[in-house]
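Content type TSV, C-alpha atoms, from the file final_20.tsv:
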chain	number	residue	atom	x	y	z
A	152	MET	CA	61.59	38.11	72.94
A	153	LYS	CA	64.94	39.01	71.45
A	154	ILE	CA	64.39	41.66	68.76
A	155	GLU	CA	66.95	42.10	65.98
A	156	GLN	CA	67.46	44.88	63.45
A	157	ALA	CA	65.13	45.07	60.47
A	158	PHE	CA	65.39	42.07	58.16
A	159	PHE	CA	64.06	43.87	55.10
A	160	SER	CA	64.73	47.23	53.46
A	161	LEU	CA	61.77	49.29	52.33
A	162	SER	CA	63.89	51.07	49.73
A	163	GLU	CA	64.95	47.72	48.25
A	164	THR	CA	61.36	46.52	48.17
A	165	GLN	CA	60.36	49.72	46.38
A	166	LYS	CA	63.05	49.21	43.75
A	167	ARG	CA	62.32	45.56	43.06
A	168	LEU	CA	58.61	45.07	43.69
A	169	SER	CA	56.91	48.37	42.88
A	170	ALA	CA	56.22	47.33	39.27
A	171	PRO	CA	54.73	43.85	39.91
A	172	LEU	CA	52.71	45.04	42.90
A	173	SER	CA	51.32	47.97	40.95
A	174	ALA	CA	50.44	45.69	38.03
A	175	LEU	CA	48.54	43.32	40.32
A	176	ARG	CA	46.74	46.10	42.17
A	177	ARG	CA	45.60	47.75	38.93
A	178	ASP	CA	44.43	44.44	37.50
A	179	LEU	CA	42.43	43.72	40.65
A	180	HIS	CA	41.01	47.26	40.66
A	181	LEU	CA	39.89	46.92	37.05
A	182	HIS	CA	38.04	43.68	37.79
A	183	PRO	CA	36.32	43.95	41.19
A	184	GLU	CA	33.81	41.35	42.38
A	185	LEU	CA	31.16	41.47	45.09
A	186	SER	CA	31.07	39.40	48.27
A	187	GLY	CA	30.78	35.69	47.57
A	188	ALA	CA	31.38	36.15	43.85
A	189	GLU	CA	35.17	36.58	43.86
A	190	TYR	CA	35.71	33.78	41.31
A	191	GLU	CA	37.93	35.64	38.84
A	192	THR	CA	39.79	37.32	41.69
A	193	THR	CA	40.54	33.89	43.16
A	194	GLU	CA	41.86	32.66	39.81
A	195	ARG	CA	43.98	35.77	39.31
A	196	LEU	CA	45.60	35.16	42.67
A	197	ARG	CA	45.93	31.41	42.11
A	198	ALA	CA	47.93	32.09	38.95
A	199	LEU	CA	50.54	33.96	41.02
A	200	PHE	CA	51.28	30.99	43.26
A	201	THR	CA	51.51	27.99	40.92
A	202	GLU	CA	55.27	27.49	41.27
A	203	PRO	CA	57.44	26.55	44.28
A	204	PRO	CA	58.17	27.73	46.90
A	205	PHE	CA	54.47	28.59	47.00
A	206	GLU	CA	51.99	25.84	47.81
A	207	ILE	CA	48.23	26.30	47.46
A	208	LEU	CA	46.56	24.46	50.31
A	209	PRO	CA	43.18	22.74	49.84
A	210	LEU	CA	40.23	24.29	51.63
A	211	PRO	CA	36.59	23.58	50.66
A	212	VAL	CA	35.45	27.16	49.92
A	213	LYS	CA	33.86	28.54	46.73
A	214	THR	CA	36.13	31.56	46.61
A	215	GLY	CA	39.28	32.45	48.50
A	216	LEU	CA	42.74	30.96	48.70
A	217	VAL	CA	45.30	29.77	51.25
A	218	VAL	CA	48.97	29.78	50.22
A	219	ARG	CA	51.85	28.30	52.23
A	220	ILE	CA	55.49	29.36	52.24
A	221	LYS	CA	57.81	27.00	54.12
A	222	GLY	CA	61.02	28.06	55.79
A	223	ARG	CA	64.17	25.98	56.19
A	224	GLY	CA	62.71	23.66	58.82
A	225	PRO	CA	59.96	23.10	61.40
A	226	GLY	CA	58.79	26.00	63.51
A	227	LYS	CA	55.84	28.28	64.19
A	228	ARG	CA	53.15	29.12	61.69
A	229	VAL	CA	52.20	32.76	61.10
A	230	ALA	CA	49.21	33.79	58.98
A	231	ILE	CA	48.75	36.98	56.96
A	232	ARG	CA	45.16	37.73	55.98
A	233	ALA	CA	43.91	39.85	53.07
A	234	ASP	CA	40.26	40.41	52.11
A	235	MET	CA	39.17	40.19	48.48
A	236	ASP	CA	35.68	41.56	47.86
A	237	ALA	CA	34.52	44.88	46.44
A	238	LEU	CA	31.46	47.09	46.96
A	239	PRO	CA	28.37	47.98	44.89
A	240	VAL	CA	29.71	51.48	44.18
A	241	THR	CA	29.98	53.23	40.80
A	242	GLU	CA	33.51	54.55	40.54
A	243	PHE	CA	34.32	58.25	40.07
A	244	GLU	CA	35.26	58.88	36.45
A	245	GLY	CA	38.37	60.83	37.39
A	246	ASN	CA	40.16	58.04	39.30
A	247	PRO	CA	43.55	56.99	37.83
A	248	VAL	CA	42.19	53.49	37.18
A	249	ARG	CA	38.47	52.86	36.81
A	250	SER	CA	36.59	49.62	37.35
A	251	GLU	CA	35.48	47.84	34.19
A	252	ASN	CA	32.71	46.13	36.17
A	253	VAL	CA	30.19	48.99	36.14
A	254	GLY	CA	28.57	49.55	39.51
A	255	VAL	CA	31.22	47.55	41.40
A	256	MET	CA	34.38	49.10	42.84
A	257	HIS	CA	37.23	48.39	45.22
A	258	ALA	CA	36.17	51.38	47.30
A	259	CYS	CA	37.46	49.90	50.56
A	260	GLY	CA	41.02	49.18	49.48
A	261	HIS	CA	40.86	45.39	49.33
A	262	ASP	CA	42.84	45.53	46.07
A	263	MET	CA	45.59	47.14	48.16
A	264	HIS	CA	45.30	44.50	50.88
A	265	MET	CA	45.68	41.61	48.43
A	266	SER	CA	48.71	43.33	46.90
A	267	PHE	CA	50.25	43.83	50.35
A	268	ALA	CA	49.92	40.10	51.06
A	269	TYR	CA	51.29	39.13	47.66
A	270	GLY	CA	54.30	41.39	48.14
A	271	ALA	CA	54.89	39.99	51.62
A	272	GLY	CA	54.74	36.50	50.12
A	273	LEU	CA	57.39	37.39	47.54
A	274	LEU	CA	59.70	38.79	50.20
A	275	LEU	CA	59.26	35.83	52.52
A	276	ALA	CA	59.73	33.33	49.71
A	277	GLU	CA	63.06	34.93	48.89
A	278	ALA	CA	64.04	34.88	52.58
A	279	ARG	CA	62.85	31.34	53.36
A	280	GLU	CA	66.34	30.12	54.25
A	281	ARG	CA	66.45	32.78	56.98
A	282	PHE	CA	63.55	31.46	59.05
A	283	SER	CA	62.07	28.21	60.35
A	284	GLY	CA	58.37	27.50	60.28
A	285	GLU	CA	55.70	28.55	57.80
A	286	VAL	CA	53.72	31.54	56.61
A	287	LEU	CA	50.15	31.21	55.39
A	288	LEU	CA	48.72	33.85	53.08
A	289	ILE	CA	44.94	33.83	53.61
A	290	PHE	CA	42.99	35.52	50.82
A	291	GLN	CA	39.50	35.79	52.29
A	292	PRO	CA	36.22	36.49	50.50
A	293	SER	CA	33.10	38.26	51.76
A	294	GLU	CA	34.49	40.67	54.33
A	295	GLU	CA	31.99	43.36	53.37
A	296	ASN	CA	28.98	41.26	54.29
A	297	GLY	CA	30.70	39.99	57.43
A	298	TYR	CA	30.56	36.28	56.62
A	299	GLY	CA	33.86	35.50	54.91
A	300	ALA	CA	36.15	34.94	57.89
A	301	GLN	CA	33.65	32.65	59.60
A	302	ALA	CA	33.18	30.74	56.34
A	303	MET	CA	36.93	30.10	56.16
A	304	ILE	CA	36.94	28.96	59.78
A	305	ASP	CA	33.88	26.75	59.25
A	306	ALA	CA	35.65	25.18	56.24
A	307	GLY	CA	38.35	23.96	58.65
A	308	LEU	CA	41.02	26.63	58.20
A	309	PHE	CA	42.44	26.46	61.72
A	310	GLU	CA	41.69	22.76	62.16
A	311	LYS	CA	43.62	21.81	59.03
A	312	TYR	CA	46.29	24.49	59.36
A	313	PRO	CA	46.54	25.69	62.98
A	314	VAL	CA	48.44	28.95	63.36
A	315	ASP	CA	50.29	30.55	66.25
A	316	CYS	CA	49.11	34.04	65.33
A	317	ILE	CA	47.55	36.05	62.53
A	318	LEU	CA	48.37	39.46	61.03
A	319	GLY	CA	46.03	41.72	59.08
A	320	GLY	CA	45.44	45.34	58.31
A	321	HIS	CA	43.47	48.01	56.53
A	322	VAL	CA	44.25	51.13	54.55
A	323	LYS	CA	43.39	54.25	56.57
A	324	PRO	CA	42.59	57.50	54.72
A	325	GLU	CA	42.44	59.37	58.04
A	326	LEU	CA	46.16	58.64	58.58
A	327	ASP	CA	48.98	60.38	56.70
A	328	ALA	CA	50.35	58.37	53.78
A	329	GLY	CA	53.40	56.37	54.78
A	330	LYS	CA	52.50	56.05	58.45
A	331	ILE	CA	51.49	52.85	60.22
A	332	SER	CA	49.06	52.56	63.12
A	333	VAL	CA	49.51	49.76	65.68
A	334	ARG	CA	47.13	49.74	68.65
A	335	THR	CA	47.08	47.55	71.73
A	336	GLY	CA	43.66	46.24	72.73
A	337	PRO	CA	40.46	47.32	70.92
A	338	VAL	CA	41.06	48.39	67.32
A	339	MET	CA	37.69	48.19	65.54
A	340	ALA	CA	34.18	48.05	66.96
A	341	ALA	CA	31.81	45.15	67.39
A	342	LEU	CA	28.82	45.30	65.07
A	343	ASP	CA	25.28	44.41	66.09
A	344	GLY	CA	22.63	44.84	63.44
A	345	PHE	CA	19.07	45.28	64.63
A	346	SER	CA	15.59	45.12	63.16
A	347	ILE	CA	12.57	46.50	65.01
A	348	GLU	CA	9.07	45.70	63.81
A	349	VAL	CA	6.58	48.20	65.23
A	350	THR	CA	3.06	46.81	65.08
A	351	GLY	CA	-0.13	48.82	65.56
A	352	LYS	CA	-3.52	48.89	63.88
A	353	GLY	CA	-3.88	50.33	60.43
A	354	GLY	CA	-6.77	52.18	58.88
A	355	HIS	CA	-7.82	55.28	56.97
A	356	GLY	CA	-5.41	58.20	57.15
A	357	ALA	CA	-8.38	60.50	57.76
A	358	CYS	CA	-9.41	58.58	60.90
A	359	PRO	CA	-6.26	58.17	63.02
A	360	HIS	CA	-8.33	58.00	66.20
A	361	LEU	CA	-9.57	54.60	65.05
A	362	CYS	CA	-6.02	53.33	64.53
A	363	ARG	CA	-2.88	52.70	66.55
A	364	ASP	CA	-0.47	54.44	64.24
A	365	PRO	CA	2.84	52.51	63.93
A	366	ILE	CA	4.42	55.36	61.97
A	367	VAL	CA	4.12	57.78	64.88
A	368	ALA	CA	5.22	54.99	67.23
A	369	ALA	CA	8.24	54.26	65.01
A	370	ALA	CA	9.15	57.94	65.15
A	371	ALA	CA	9.01	57.77	68.94
A	372	VAL	CA	11.18	54.66	68.88
A	373	ILE	CA	13.78	56.41	66.72
A	374	LEU	CA	13.94	59.32	69.15
A	375	ALA	CA	14.11	56.99	72.15
A	376	LEU	CA	17.03	55.10	70.59
A	377	GLN	CA	19.06	58.31	70.59
A	378	THR	CA	19.28	58.02	74.39
A	379	VAL	CA	21.03	54.64	74.24
A	380	VAL	CA	24.41	56.15	73.41
A	381	SER	CA	23.94	59.39	75.35
A	382	ARG	CA	22.66	57.77	78.55
A	383	ALA	CA	23.66	54.09	78.58
A	384	SER	CA	27.24	54.26	77.29
A	385	ASP	CA	30.34	55.73	78.94
A	386	PRO	CA	31.08	58.95	76.99
A	387	ASN	CA	34.78	58.06	77.10
A	388	ARG	CA	34.10	54.90	75.06
A	389	ALA	CA	33.24	55.14	71.38
A	390	CYS	CA	29.69	54.02	70.63
A	391	VAL	CA	27.43	54.54	67.62
A	392	LEU	CA	23.77	53.70	67.06
A	393	SER	CA	22.22	54.57	63.71
A	394	VAL	CA	18.78	53.83	62.29
A	395	CYS	CA	19.53	53.41	58.60
A	396	ARG	CA	16.32	52.20	57.04
A	397	VAL	CA	12.61	52.84	57.67
A	398	ARG	CA	10.01	50.76	55.83
A	399	GLY	CA	6.25	51.20	56.19
A	400	GLY	CA	3.14	52.18	54.29
A	401	GLU	CA	2.09	51.81	50.66
A	402	THR	CA	0.18	54.98	49.87
A	403	ASP	CA	-0.51	58.47	51.21
A	404	ASN	CA	-3.94	57.91	52.76
A	405	VAL	CA	-3.60	54.54	54.53
A	406	ILE	CA	-2.06	54.07	57.97
A	407	PRO	CA	-0.22	50.71	57.83
A	408	ASP	CA	-0.29	47.93	60.40
A	409	THR	CA	3.49	47.74	60.72
A	410	VAL	CA	6.67	49.77	60.28
A	411	THR	CA	10.14	48.21	60.30
A	412	LEU	CA	13.31	49.98	61.41
A	413	ASP	CA	16.76	48.60	60.58
A	414	GLY	CA	20.03	49.89	61.92
A	415	THR	CA	23.46	49.27	63.37
A	416	LEU	CA	25.05	49.43	66.82
A	417	ARG	CA	28.85	49.72	67.16
A	418	THR	CA	30.59	49.28	70.52
A	419	VAL	CA	34.21	48.94	71.58
A	420	GLU	CA	33.90	46.91	74.79
A	421	ASN	CA	32.02	43.67	75.40
A	422	ALA	CA	30.40	44.91	78.62
A	423	GLN	CA	29.34	48.12	76.87
A	424	ARG	CA	27.87	46.03	74.08
A	425	ASP	CA	25.68	44.04	76.46
A	426	VAL	CA	24.41	47.16	78.22
A	427	CYS	CA	23.61	48.97	74.98
A	428	VAL	CA	21.79	45.99	73.47
A	429	ALA	CA	19.63	45.66	76.59
A	430	ARG	CA	18.89	49.41	76.63
A	431	LEU	CA	18.10	49.42	72.90
A	432	ARG	CA	15.52	46.70	73.41
A	433	ALA	CA	13.95	48.40	76.44
A	434	ALA	CA	13.85	51.83	74.76
A	435	ALA	CA	12.17	50.48	71.64
A	436	GLU	CA	9.60	48.41	73.50
A	437	GLY	CA	8.78	51.22	75.93
A	438	ALA	CA	8.42	53.92	73.28
A	439	ALA	CA	6.15	51.75	71.14
A	440	ALA	CA	4.02	50.77	74.14
A	441	SER	CA	3.54	54.42	75.05
A	442	MET	CA	1.82	54.86	71.66
A	443	GLY	CA	-0.37	51.78	72.02
A	444	CYS	CA	1.84	49.69	69.75
A	445	GLN	CA	4.24	46.79	70.15
A	446	ALA	CA	7.92	46.60	69.19
A	447	ASN	CA	9.50	43.27	68.33
A	448	VAL	CA	13.28	43.73	68.52
A	449	LEU	CA	15.61	41.34	66.71
A	450	ILE	CA	19.36	41.69	67.37
A	451	HIS	CA	21.81	40.21	64.88
A	452	ARG	CA	25.12	39.66	66.68
A	453	GLU	CA	27.20	39.84	63.56
A	454	ILE	CA	30.84	40.79	64.08
A	455	PRO	CA	32.84	40.73	67.33
A	456	LEU	CA	35.24	43.41	68.50
A	457	VAL	CA	38.68	43.45	66.86
A	458	GLU	CA	41.22	43.36	69.68
A	459	ASN	CA	44.97	43.23	69.21
A	460	ASP	CA	46.83	40.78	71.39
A	461	PRO	CA	49.04	42.98	73.65
A	462	ALA	CA	52.27	41.00	73.21
A	463	LEU	CA	51.78	40.60	69.46
A	464	ALA	CA	50.91	44.28	69.00
A	465	ALA	CA	54.01	45.30	70.96
A	466	PHE	CA	56.16	43.03	68.80
A	467	CYS	CA	54.59	44.36	65.57
A	468	ARG	CA	55.14	47.92	66.76
A	469	GLU	CA	58.82	47.31	67.48
A	470	ARG	CA	59.41	45.53	64.16
A	471	THR	CA	57.71	48.38	62.30
A	472	LYS	CA	59.79	50.96	64.16
A	473	ALA	CA	62.94	49.02	63.28
A	474	LEU	CA	61.88	49.09	59.65
A	475	LEU	CA	60.57	52.66	59.32
A	476	GLY	CA	61.71	54.63	62.36
A	477	GLY	CA	59.60	55.62	65.34
A	478	ASP	CA	58.21	58.82	63.79
A	479	ARG	CA	56.20	56.82	61.25
A	480	VAL	CA	54.53	54.52	63.76
A	481	THR	CA	51.50	55.74	65.69
A	482	ALA	CA	48.26	54.47	67.26
A	483	LEU	CA	44.97	55.75	65.86
A	484	PRO	CA	41.92	55.92	68.16
A	485	VAL	CA	39.67	52.88	68.14
A	486	ASP	CA	37.56	52.83	64.98
A	487	THR	CA	33.77	52.44	65.02
A	488	ILE	CA	33.94	50.64	61.67
A	489	SER	CA	33.81	46.84	62.05
A	490	GLU	CA	35.93	44.09	60.49
A	491	ASP	CA	35.50	40.33	60.45
A	492	PHE	CA	39.22	39.82	61.10
A	493	SER	CA	37.83	39.62	64.64
A	494	GLN	CA	36.54	36.11	63.89
A	495	TYR	CA	40.17	35.00	63.59
A	496	SER	CA	41.59	37.05	66.45
A	497	ARG	CA	39.03	35.71	68.91
A	498	LEU	CA	40.51	32.23	68.28
A	499	VAL	CA	44.24	32.96	67.95
A	500	PRO	CA	46.43	35.96	68.87
A	501	GLY	CA	45.98	38.65	66.22
A	502	CYS	CA	47.36	42.04	65.29
A	503	PHE	CA	45.49	44.37	62.92
A	504	ILE	CA	47.40	47.42	61.66
A	505	GLY	CA	46.44	50.57	59.77
A	506	VAL	CA	48.30	51.85	56.69
A	507	GLY	CA	47.93	55.59	56.09
A	508	THR	CA	46.95	56.65	52.58
A	509	THR	CA	46.29	60.42	52.43
A	510	PRO	CA	49.28	62.67	51.67
A	511	PRO	CA	49.28	65.80	53.88
A	512	GLY	CA	47.45	68.66	52.18
A	513	GLU	CA	45.66	66.48	49.64
A	514	PRO	CA	41.88	65.96	49.56
A	515	PHE	CA	40.52	63.35	51.95
A	516	HIS	CA	38.34	60.60	50.49
A	517	SER	CA	36.86	58.15	52.96
A	518	LEU	CA	36.52	54.41	52.69
A	519	HIS	CA	33.52	53.42	50.54
A	520	SER	CA	33.75	56.70	48.62
A	521	SER	CA	33.59	56.50	44.82
A	522	ARG	CA	36.74	58.66	44.76
A	523	PHE	CA	38.82	56.44	47.07
A	524	TYR	CA	41.95	55.37	45.20
A	525	PRO	CA	45.16	55.21	47.30
A	526	SER	CA	48.48	55.52	45.54
A	527	ASP	CA	50.31	52.45	44.25
A	528	ALA	CA	53.42	53.93	45.88
A	529	LEU	CA	52.13	52.58	49.22
A	530	LEU	CA	52.14	48.94	48.11
A	531	PRO	CA	55.78	48.17	48.99
A	532	LEU	CA	55.21	49.71	52.44
A	533	GLY	CA	52.33	47.41	53.38
A	534	ALA	CA	54.10	44.38	51.94
A	535	THR	CA	57.33	45.06	53.80
A	536	VAL	CA	55.62	45.72	57.16
A	537	TYR	CA	53.80	42.37	56.91
A	538	ALA	CA	56.95	40.51	55.88
A	539	GLU	CA	59.07	42.20	58.54
A	540	THR	CA	56.67	41.29	61.33
A	541	ALA	CA	56.17	37.73	60.09
A	542	ILE	CA	59.85	36.90	59.76
A	543	GLY	CA	60.54	38.54	63.10
A	544	LEU	CA	57.95	36.32	64.76
A	545	LEU	CA	59.34	33.19	63.11
A	546	ARG	CA	62.92	33.99	64.12
A	547	ALA	CA	62.23	35.34	67.61
A	548	GLU	CA	63.35	33.28	70.58
A	549	PRO	CA	62.09	33.58	74.16
A	550	THR	CA	64.44	35.53	76.41
A	551	ALA	CA	66.12	33.64	79.25
Conversion result in structure tokens:
Amino acid sequence: MKIEQAFFSLSETQKRLSAPLSALRRDLHLHPELSGAEYETTERLRALFTEPPFEILPLPVKTGLVVRIKGRGPGKRVAIRADMDALPVTEFEGNPVRSENVGVMHACGHDMHMSFAYGAGLLLAEARERFSGEVLLIFQPSEENGYGAQAMIDAGLFEKYPVDCILGGHVKPELDAGKISVRTGPVMAALDGFSIEVTGKGGHGACPHLCRDPIVAAAAVILALQTVVSRASDPNRACVLSVCRVRGGETDNVIPDTVTLDGTLRTVENAQRDVCVARLRAAAEGAAASMGCQANVLIHREIPLVENDPALAAFCRERTKALLGGDRVTALPVDTISEDFSQYSRLVPGCFIGVGTTPPGEPFHSLHSSRFYPSDALLPLGATVYAETAIGLLRAEPTA
């Protein structure tokens, strides 16, 4: 592809759009909504796109929005995706802006993501005579529970509005503020949830010899599961297995019949995923059997691996370098957090970027922390990177 100089200027975006982007972000942060309940968020966004050149496209979903921006004529169609939902987190009192919906907070930066997409939409609307084709802004609900992207797809998103590629991204507190990460290949891990029901024979806590204790068996299962990562996965490939919930027993002198373990497995390669799932099942069943109990293992294949299309990632990297300079573009290691952007990128070429949020020397607050509140000053950066890549893709021509 023939790559031109940057189409947009970050400094100009900062001058012109900092105020409206900050106003939107703060409004969204004040009024967060949980997965599947983003009704007011949807209406707040809808109100921004009621006038041409924006066109709200029909899609039969309860929450969420698809907005089209047309260029000067026919051409490719590029999508930009932003997630909308918040988390059940009570916000830290000292944050610059604090949620008015007590117990709910944009602790994962989705208020930033929506503002990035809105800013990109403003830039592309102004530049629509400079490109052919279309841009779709996809505001997606329910990322946190892993069902939103698939719900949009099931509603006919790509059937009604087929796209050539899709762009997305996430704020990254582990990356210096102002830097952008663009990886080729795996970006974020696949997620497999699991539930293991360990069944034995309950009875009096004073007579364990008459029982088959599922609590002791569950403890053995938990220890056995620790060998899945250490012995079944290549140590050069990121892999995480965590047991996050243990449920069993009602009182202190009764051995129960069953104990249930719930947890998560994160892998960064499909072959690794298959091996680890098989080993998880075998380890759980074997450890329980050794204690005279049974383990029924249920695997929930929930979210695929996020993988950046190599050609699209290379293009995004070059556009971002043209915009910001090479010293601000990097590639973070693959992340063991999962993201349902993968539901899109398994169907069409996708590129998922990271936007750094932590100024050097300042305290680090992770995603999902009650203290996580990136600066509004980063909003023009995310918006301009999206717009720069999108317009570059729409204007690019194959080389001879």
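Between Leu308 of chain A and the candidates A:Ala465, A:Ala233, A:Cys502, A:Leu208, the tightest atom-to-atom separation, counting only C-alpha atoms, involves A:Leu208.
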Using all atoms listed in the file, find the one residue out of A:Pro455, A:Gly270, A:Gly437, A:Gly356 that sits nearest to Thr487 of chain A.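 So, comparing all the options, the nearest one is A:Pro455.
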Using all atoms listed in the file, the residue out of A:Ile220, A:Val229, A:Val338, A:Leu172 with shortest distance to Ala541 of chain A is A:Val229
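For Ala438 of chain A, the residues within 9 Å (counting only C-alpha atoms, excluding itself and residues fewer than 5 positions away along the chain) are Ala368, Ala369, Ala371, Val372, Ile373, Leu374, Ala375, Ala433, Cys444, Gln445 and Ala446 of chain A.
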Show me as a PyMOL selection string the residues that reach within 12 Å of (55.1, 46.3, 42.9), counting only C-alpha atoms and using the file's own coordinates. chain A and resi 161+163-177+263+265-271+273-274+526-535
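Between atom CA of Thr350 of chain A and atom CA of Ala439 of chain A the separation is 8.4 Å.
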Hey, which of A:Asp408, A:Glu348, A:Asp413, A:Glu420 ends up closest to Cys395 of chain A? Count all atoms listed in the file. A:Asp413
Let me make sure I understand: among A:Ser393, A:Thr214, A:Thr508, A:Thr241, which one has the smallest atom-to-atom distance to Thr415 of chain A if we use all atoms listed in the file?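 Nearest candidate to Thr415 of chain A out of A:Ser393, A:Thr214, A:Thr508, A:Thr241: A:Ser393.
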Taking the point (44.1, 41.3, 70.2) as given in the file, collect each protein or nucleic acid residue that comes within 8 Å of it, counting all atoms listed in the file, and present the set as a list in words.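 Output: Thr335, Gly336, Pro337, Val457, Glu458, Asn459, Asp460, Pro461, Leu463, Ala464, Ser496, Arg497, Pro500, Gly501 and Cys502 of chain A.
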Excluding same-chain residues fewer than 2 positions from Gly505 of chain A, what lies within 9 Å of it counting only C-alpha atoms, as a VMD selection string? chain A and resid 319 to 323 326 330 to 334 482 to 483 503 507
Could you please take those selected residues and save C-alpha atoms as a compact mmCIF listing (two decimals), in the frame of the given file?
# COMPACT_ATOMS: atom_id res chain seq x y z
CA GLY A 319 46.03 41.72 59.08
CA GLY A 320 45.44 45.34 58.31
CA HIS A 321 43.47 48.01 56.53
CA VAL A 322 44.25 51.13 54.55
CA LYS A 323 43.39 54.25 56.57
CA LEU A 326 46.16 58.64 58.58
CA LYS A 330 52.50 56.05 58.45
CA ILE A 331 51.49 52.85 60.22
CA SER A 332 49.06 52.56 63.12
CA VAL A 333 49.51 49.76 65.68
CA ARG A 334 47.13 49.74 68.65
CA ALA A 482 48.26 54.47 67.26
CA LEU A 483 44.97 55.75 65.86
CA PHE A 503 45.49 44.37 62.92
CA GLY A 507 47.93 55.59 56.09
Test item: residues at most 8 Å from Gly351 of chain A, all atoms listed in the file, excluding those fewer than 4 positions along its chain, as number ranges by chain: A: 362-365, 407-409, 443-445
Export, as a PDB file, in the frame of the given file, the selected residues with C-alpha atoms.
ATOM      1  CA  CYS A 362      -6.020  53.330  64.530  1.00  0.00           C
ATOM      2  CA  ARG A 363      -2.880  52.700  66.550  1.00  0.00           C
ATOM      3  CA  ASP A 364      -0.470  54.440  64.240  1.00  0.00           C
ATOM      4  CA  PRO A 365       2.840  52.510  63.930  1.00  0.00           C
ATOM      5  CA  PRO A 407      -0.220  50.710  57.830  1.00  0.00           C
ATOM      6  CA  ASP A 408      -0.290  47.930  60.400  1.00  0.00           C
ATOM      7  CA  THR A 409       3.490  47.740  60.720  1.00  0.00           C
ATOM      8  CA  GLY A 443      -0.370  51.780  72.020  1.00  0.00           C
ATOM      9  CA  CYS A 444       1.840  49.690  69.750  1.00  0.00           C
ATOM     10  CA  GLN A 445       4.240  46.790  70.150  1.00  0.00           C
TER      11      GLN A 445
END
Centre, x/y/z edge lengths, axis-aligned box for segment 297-315 of chain A with 8 Å per side, as JSON:
{"center_x": 40.4, "center_y": 30.9, "center_z": 60.6, "size_x": 35.7, "size_y": 34.2, "size_z": 27.3}
Between A:Lys227, A:Asp343, A:Glu202, A:Met235, which is the closest to Cys390 of chain A once you count only C-alpha atoms? A:Asp343
Spatial neighbours of Pro292 of chain A, max dist 10 Å, all atoms listed in the file, sep filter under 2 positions, as a VMD selection string: chain A and resid 184 to 190 192 to 193 212 to 216 233 to 237 289 to 290 294 to 300 302 to 303
Between atom CA of Arg228 of chain A and atom CA of Phe492 of chain A, distance in Å (one decimal):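 Between these atoms lies a distance of 17.6 Å.
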Please indicate the distance in Å from atom CA of Glu251 of chain A to atom CA of Glu513 of chain A, rounded to one decimal place.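 One can read the atom CA of Glu251 of chain A to atom CA of Glu513 of chain A distance as 26.3 Å.
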Need the shell around segment 520-524 of chain A: protein/DNA/RNA residues with any atom at most 12 Å away, counting only C-alpha atoms. Skip same-chain ones fewer than 6 positions apart. Format as a PDB file with C-alpha atoms, in the frame of the given file?
ATOM      1  CA  ARG A 176      46.740  46.100  42.170  1.00  0.00           C
ATOM      2  CA  ARG A 177      45.600  47.750  38.930  1.00  0.00           C
ATOM      3  CA  HIS A 180      41.010  47.260  40.660  1.00  0.00           C
ATOM      4  CA  LEU A 181      39.890  46.920  37.050  1.00  0.00           C
ATOM      5  CA  ALA A 237      34.520  44.880  46.440  1.00  0.00           C
ATOM      6  CA  LEU A 238      31.460  47.090  46.960  1.00  0.00           C
ATOM      7  CA  PRO A 239      28.370  47.980  44.890  1.00  0.00           C
ATOM      8  CA  VAL A 240      29.710  51.480  44.180  1.00  0.00           C
ATOM      9  CA  THR A 241      29.980  53.230  40.800  1.00  0.00           C
ATOM     10  CA  GLU A 242      33.510  54.550  40.540  1.00  0.00           C
ATOM     11  CA  PHE A 243      34.320  58.250  40.070  1.00  0.00           C
ATOM     12  CA  GLU A 244      35.260  58.880  36.450  1.00  0.00           C
ATOM     13  CA  GLY A 245      38.370  60.830  37.390  1.00  0.00           C
ATOM     14  CA  ASN A 246      40.160  58.040  39.300  1.00  0.00           C
ATOM     15  CA  PRO A 247      43.550  56.990  37.830  1.00  0.00           C
ATOM     16  CA  VAL A 248      42.190  53.490  37.180  1.00  0.00           C
ATOM     17  CA  ARG A 249      38.470  52.860  36.810  1.00  0.00           C
ATOM     18  CA  SER A 250      36.590  49.620  37.350  1.00  0.00           C
ATOM     19  CA  VAL A 253      30.190  48.990  36.140  1.00  0.00           C
ATOM     20  CA  GLY A 254      28.570  49.550  39.510  1.00  0.00           C
ATOM     21  CA  VAL A 255      31.220  47.550  41.400  1.00  0.00           C
ATOM     22  CA  MET A 256      34.380  49.100  42.840  1.00  0.00           C
ATOM     23  CA  HIS A 257      37.230  48.390  45.220  1.00  0.00           C
ATOM     24  CA  ALA A 258      36.170  51.380  47.300  1.00  0.00           C
ATOM     25  CA  CYS A 259      37.460  49.900  50.560  1.00  0.00           C
ATOM     26  CA  GLY A 260      41.020  49.180  49.480  1.00  0.00           C
ATOM     27  CA  HIS A 261      40.860  45.390  49.330  1.00  0.00           C
ATOM     28  CA  ASP A 262      42.840  45.530  46.070  1.00  0.00           C
ATOM     29  CA  MET A 263      45.590  47.140  48.160  1.00  0.00           C
ATOM     30  CA  VAL A 322      44.250  51.130  54.550  1.00  0.00           C
ATOM     31  CA  LYS A 323      43.390  54.250  56.570  1.00  0.00           C
ATOM     32  CA  PRO A 324      42.590  57.500  54.720  1.00  0.00           C
ATOM     33  CA  GLU A 325      42.440  59.370  58.040  1.00  0.00           C
ATOM     34  CA  THR A 508      46.950  56.650  52.580  1.00  0.00           C
ATOM     35  CA  THR A 509      46.290  60.420  52.430  1.00  0.00           C
ATOM     36  CA  PRO A 514      41.880  65.960  49.560  1.00  0.00           C
TER      37      PRO A 514
END
